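Below is one structure, written out as structure tokens; comments come after it.
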Amino acid sequence: NPEVATGDGLALAFQAGAPLADLEFVQFHPTALHLPHAPRFLITEAVRGEGGILRNQQGTRFMPSYHKQAELAPRDVVARSVLMEMKRTGTDHVFLDLSLLTPELIIHRFPNIYETCLSYGLDITKEPIPVAPASHYMMGGVAIDLHGRTGLPHLFACGEVSNPGVHGANRLASNSLLDGLVFGHRIFAYLKTNRLSFTQIPSELDAVYSVETNPATLSADRLSLKQLASAELGIIRHEKGLREAQQLLASTLGDPETPLTPHYLELQNMRLLARLMVEAALARRESRGSHYRSDYPDTDPAWVKRVVHYPKGIEFVSALEPFNWSW
């Protein structure tokens, strides 16, 4: 599971001493399939570009009320608008109406979406697609420089686990693939011309335990954590909710005799990342890109900087200067 691997990699890198940056920036896809027993399959934004219209449960088109570009607004705006419309109407999804498109165009342009929806009993040439926003991509991660080096000697990172700074506050579609290719190649090029000395590698890594997690209730605790993150770390954030989440996620040491199962450690890593994300979201008192604070709805020019988590605490650094880790 790449999402689990990314989360575990972030948590382990941080515990070993590698700084993390920009964890408050999490991108939400505005239109994920919302059907019982179906995965949150992403309905590409190209569907709206072709003429797909978002409607609420009453069949009313609502995007023009939220943004002058309607369905063609930036993805963070569309995701936020969909969420607000769901809250306004008391529903858990809206509909993406493709009735302006011919069946032939739908099948030709979106064969994967057509086949996937059909496998769950939904013919999108005849019926609208039930959709809701879903967490999609984290712009934050292990802070790296232009060579893919991290703040932990001899640890390199690239891909979604890393934070190269190239995505800014709101990743453009598919740029994550280019990110992985470019920085993967830069790491390779660096290693071709630089010999590494492994005398600085930490000799051991201490596992982090938490009394908040009982091995007997892993599934329930995982669900509670996901619900807390969705409610307070989601598309729209506010200081009151973030403070409450921070209190619930306060890190405490637990019983070292707890069995170290993969699922237990995975949940501990999720808790650690959620705590760090809350701290970053609280620190950034503005709205920028995928980070939206309803109590600070405007973008503040003074916040052209990164929130960087070091094991010793948070630091704020200029977003205009790339990291330059020197080993």
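Residues are named by chain letter and number: chains run A, B, ... in the order of the structure tokens, numbers start at 1 in each chain, and ligands are numbered from 1 in the order shown.
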
- [ ] Write out as a list in words each polymer residue whose atoms come within 10 Å of Ile113 of chain A, counting only C-alpha atoms; drop sequence neighbours fewer than 5 positions from it.
- [x] Leu33, Phe41, Leu42, Ile43, Thr44, Val47, Ile106, Ile107, Leu118, Ser119 and Ile124 of chain A

TODO: Do a neighbour search on segment 128-133 of chain A at 8 Å with only C-alpha atoms, toss out local chain neighbours closer than 4 positions, and write the hits as a list in words.
DONE: Phe28, His29, Pro30, Thr31, Ala32, Leu33, His34, Leu35, Ala79, Val82, Leu83, Asp92, His93, Val94, Phe95, Leu96, Asp97, Leu98, Ser99, Leu122 and Ile124 of chain A

Dump of N, CA, C and O atoms for the selected residues, as a short mmCIF file (atom, residue, chain, number, x, y, z; two decimals), in the first residue's frame:
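This is the output file result24.cif:
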data_model
loop_
_atom_site.label_atom_id
_atom_site.label_comp_id
_atom_site.auth_asym_id
_atom_site.auth_seq_id
_atom_site.Cartn_x
_atom_site.Cartn_y
_atom_site.Cartn_z
N PHE A 28 -7.04 17.77 -1.68
CA PHE A 28 -8.25 16.95 -1.74
C PHE A 28 -8.79 16.95 -3.17
O PHE A 28 -8.90 18.01 -3.79
N HIS A 29 -9.07 15.77 -3.67
CA HIS A 29 -9.69 15.68 -4.99
C HIS A 29 -11.18 15.96 -4.81
O HIS A 29 -11.82 15.37 -3.94
N PRO A 30 -11.76 16.84 -5.61
CA PRO A 30 -13.15 17.25 -5.37
C PRO A 30 -14.19 16.20 -5.74
O PRO A 30 -15.31 16.24 -5.22
N THR A 31 -13.85 15.27 -6.65
CA THR A 31 -14.89 14.34 -7.13
C THR A 31 -14.40 12.90 -7.10
O THR A 31 -13.91 12.36 -8.10
N ALA A 32 -14.52 12.26 -5.95
CA ALA A 32 -14.24 10.83 -5.82
C ALA A 32 -15.57 10.09 -5.81
O ALA A 32 -16.56 10.56 -5.24
N LEU A 33 -15.59 8.93 -6.45
CA LEU A 33 -16.81 8.13 -6.52
C LEU A 33 -17.33 7.83 -5.12
O LEU A 33 -16.58 7.43 -4.22
N HIS A 34 -18.63 8.04 -4.91
CA HIS A 34 -19.24 7.82 -3.59
C HIS A 34 -20.38 6.81 -3.75
O HIS A 34 -21.54 7.19 -3.93
N LEU A 35 -20.02 5.54 -3.71
CA LEU A 35 -20.99 4.46 -3.80
C LEU A 35 -20.74 3.46 -2.68
O LEU A 35 -19.58 3.21 -2.33
N ALA A 79 -13.35 21.53 -4.34
CA ALA A 79 -13.49 20.61 -3.21
C ALA A 79 -14.15 21.31 -2.02
O ALA A 79 -15.04 20.74 -1.36
N VAL A 82 -17.89 21.93 -2.80
CA VAL A 82 -18.68 20.70 -2.69
C VAL A 82 -18.95 20.39 -1.23
O VAL A 82 -20.07 20.03 -0.84
N LEU A 83 -17.90 20.52 -0.40
CA LEU A 83 -18.08 20.25 1.03
C LEU A 83 -19.10 21.20 1.65
O LEU A 83 -19.99 20.77 2.41
N ASP A 92 -24.20 13.60 2.23
CA ASP A 92 -22.81 13.14 2.25
C ASP A 92 -22.22 13.02 0.85
O ASP A 92 -21.12 12.50 0.68
N HIS A 93 -22.93 13.51 -0.17
CA HIS A 93 -22.39 13.52 -1.53
C HIS A 93 -23.21 14.45 -2.42
O HIS A 93 -24.30 14.89 -2.04
N VAL A 94 -22.64 14.76 -3.57
CA VAL A 94 -23.37 15.51 -4.60
C VAL A 94 -23.32 14.65 -5.88
O VAL A 94 -22.88 13.51 -5.84
N PHE A 95 -23.76 15.22 -6.99
CA PHE A 95 -23.78 14.46 -8.24
C PHE A 95 -23.02 15.19 -9.34
O PHE A 95 -23.09 16.42 -9.46
N LEU A 96 -22.30 14.41 -10.14
CA LEU A 96 -21.64 14.93 -11.32
C LEU A 96 -22.47 14.49 -12.53
O LEU A 96 -22.51 13.31 -12.87
N ASP A 97 -23.12 15.44 -13.14
CA ASP A 97 -24.08 15.20 -14.22
C ASP A 97 -23.38 15.28 -15.57
O ASP A 97 -22.84 16.32 -15.94
N LEU A 98 -23.42 14.18 -16.34
CA LEU A 98 -22.78 14.13 -17.65
C LEU A 98 -23.79 14.17 -18.79
O LEU A 98 -23.48 13.81 -19.92
N SER A 99 -24.99 14.63 -18.50
CA SER A 99 -26.06 14.56 -19.50
C SER A 99 -25.82 15.44 -20.73
O SER A 99 -26.44 15.23 -21.77
N LEU A 122 -23.52 1.23 -12.06
CA LEU A 122 -23.85 2.61 -12.42
C LEU A 122 -23.47 2.87 -13.87
O LEU A 122 -22.29 2.81 -14.23
N ILE A 124 -22.96 5.58 -16.34
CA ILE A 124 -22.81 7.03 -16.31
C ILE A 124 -23.28 7.69 -17.60
O ILE A 124 -23.32 8.92 -17.67
#

Task: Secondary structure check, strand (DSSP E) residues of segment 29-274 of chain A, as a VMD selection string - done: chain A and resid 29 to 33 53 to 55 94 to 97 129 to 138 141 to 143 162 to 163

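Coordinates place atom CA of Val182 of chain A at a distance of 26.0 Å from atom CA of Leu273 of chain A.
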
Task: Residue nearest Arg271 of chain A among A:Arg80, A:Lys226, A:Lys192, A:Arg88 (counting only C-alpha atoms) - done: A:Lys226

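Around Lys305 of chain A, within 12 Å and counting only C-alpha atoms, the residues found are Ala21, Asp22, Gly165, Gly168, Ala169, Ala280, Ala283, Arg284, Arg285, Glu286, Arg288, Glu315, Phe316, Val317, Ser318, Ala319, Leu320, Glu321 and Pro322 of chain A, once anything fewer than 6 positions away on its own chain is removed.
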
Go ahead and write the selection's residues with C-alpha atoms as a PDB file, in the first residue's frame.
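Saved as part.pdb:
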ATOM      1  CA  ALA A  21       8.171  20.403   5.957  1.00  0.00           C
ATOM      2  CA  ASP A  22       4.827  21.718   4.672  1.00  0.00           C
ATOM      3  CA  GLY A 165       9.171  22.444  -2.647  1.00  0.00           C
ATOM      4  CA  GLY A 168       4.060  24.915  -3.720  1.00  0.00           C
ATOM      5  CA  ALA A 169       0.795  24.996  -1.802  1.00  0.00           C
ATOM      6  CA  ALA A 280       1.629  23.005  11.205  1.00  0.00           C
ATOM      7  CA  ALA A 283       0.977  27.682  13.031  1.00  0.00           C
ATOM      8  CA  ARG A 284      -0.013  28.863   9.532  1.00  0.00           C
ATOM      9  CA  ARG A 285      -2.568  31.546  10.324  1.00  0.00           C
ATOM     10  CA  GLU A 286      -3.696  32.211   6.770  1.00  0.00           C
ATOM     11  CA  ARG A 288      -3.025  29.359   0.978  1.00  0.00           C
ATOM     12  CA  GLU A 315      11.061  26.509  12.658  1.00  0.00           C
ATOM     13  CA  PHE A 316       9.896  28.883   9.924  1.00  0.00           C
ATOM     14  CA  VAL A 317      12.096  29.264   6.847  1.00  0.00           C
ATOM     15  CA  SER A 318      11.727  31.203   3.604  1.00  0.00           C
ATOM     16  CA  ALA A 319       9.811  29.380   0.890  1.00  0.00           C
ATOM     17  CA  LEU A 320      11.934  31.193  -1.700  1.00  0.00           C
ATOM     18  CA  GLU A 321      15.154  29.447  -0.685  1.00  0.00           C
ATOM     19  CA  PRO A 322      15.663  25.739  -1.427  1.00  0.00           C
TER      20      PRO A 322
END

TODO: Looking only at helix (DSSP H, G or I) from DSSP on the backbone, list the matching residues of segment 81-172 of chain A as a VMD selection string.
DONE: chain A and resid 81 to 89 103 to 109 111 to 119

Those same residues, written as a short mmCIF file (atom, residue, chain, number, x, y, z; two decimals), in the first residue's frame with C-alpha atoms?
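The result, stored in part-v7.cif:
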data_model
loop_
_atom_site.label_atom_id
_atom_site.label_comp_id
_atom_site.auth_asym_id
_atom_site.auth_seq_id
_atom_site.Cartn_x
_atom_site.Cartn_y
_atom_site.Cartn_z
CA SER A 81 -17.47 24.29 -2.46
CA VAL A 82 -18.68 20.70 -2.69
CA LEU A 83 -18.08 20.25 1.03
CA MET A 84 -19.96 23.45 1.90
CA GLU A 85 -22.88 22.43 -0.34
CA MET A 86 -23.01 19.02 1.33
CA LYS A 87 -23.11 20.69 4.75
CA ARG A 88 -25.72 23.18 3.58
CA THR A 89 -28.02 20.43 2.28
CA PRO A 103 -22.86 8.36 -24.59
CA GLU A 104 -20.34 7.87 -27.39
CA LEU A 105 -18.16 10.74 -26.11
CA ILE A 106 -18.32 9.48 -22.52
CA ILE A 107 -17.25 5.96 -23.47
CA HIS A 108 -14.53 7.19 -25.84
CA ARG A 109 -13.04 9.88 -23.57
CA PRO A 111 -13.43 4.39 -20.79
CA ASN A 112 -11.87 3.56 -17.40
CA ILE A 113 -14.38 5.64 -15.46
CA TYR A 114 -17.24 4.20 -17.52
CA GLU A 115 -16.14 0.59 -16.97
CA THR A 116 -15.39 1.06 -13.28
CA CYS A 117 -18.74 2.68 -12.53
CA LEU A 118 -20.54 0.06 -14.63
CA SER A 119 -18.90 -2.70 -12.56
#

- [ ] Work out how far atom CA of Gly140 of chain A is from atom CA of Leu177 of chain A, in Å to one decimal.
- [x]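 Going from atom CA of Leu177 of chain A over to atom CA of Gly140 of chain A, I get 15.5 Å.
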
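Note that the spacing between atom CA of Tyr120 of chain A and atom CA of Ala134 of chain A amounts to 18.9 Å.
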
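For the choices A:Arg40, A:His136, A:Lys126, A:Arg171, the atom-to-atom distance to Gly289 of chain A is smallest for A:Arg171 when using only C-alpha atoms.
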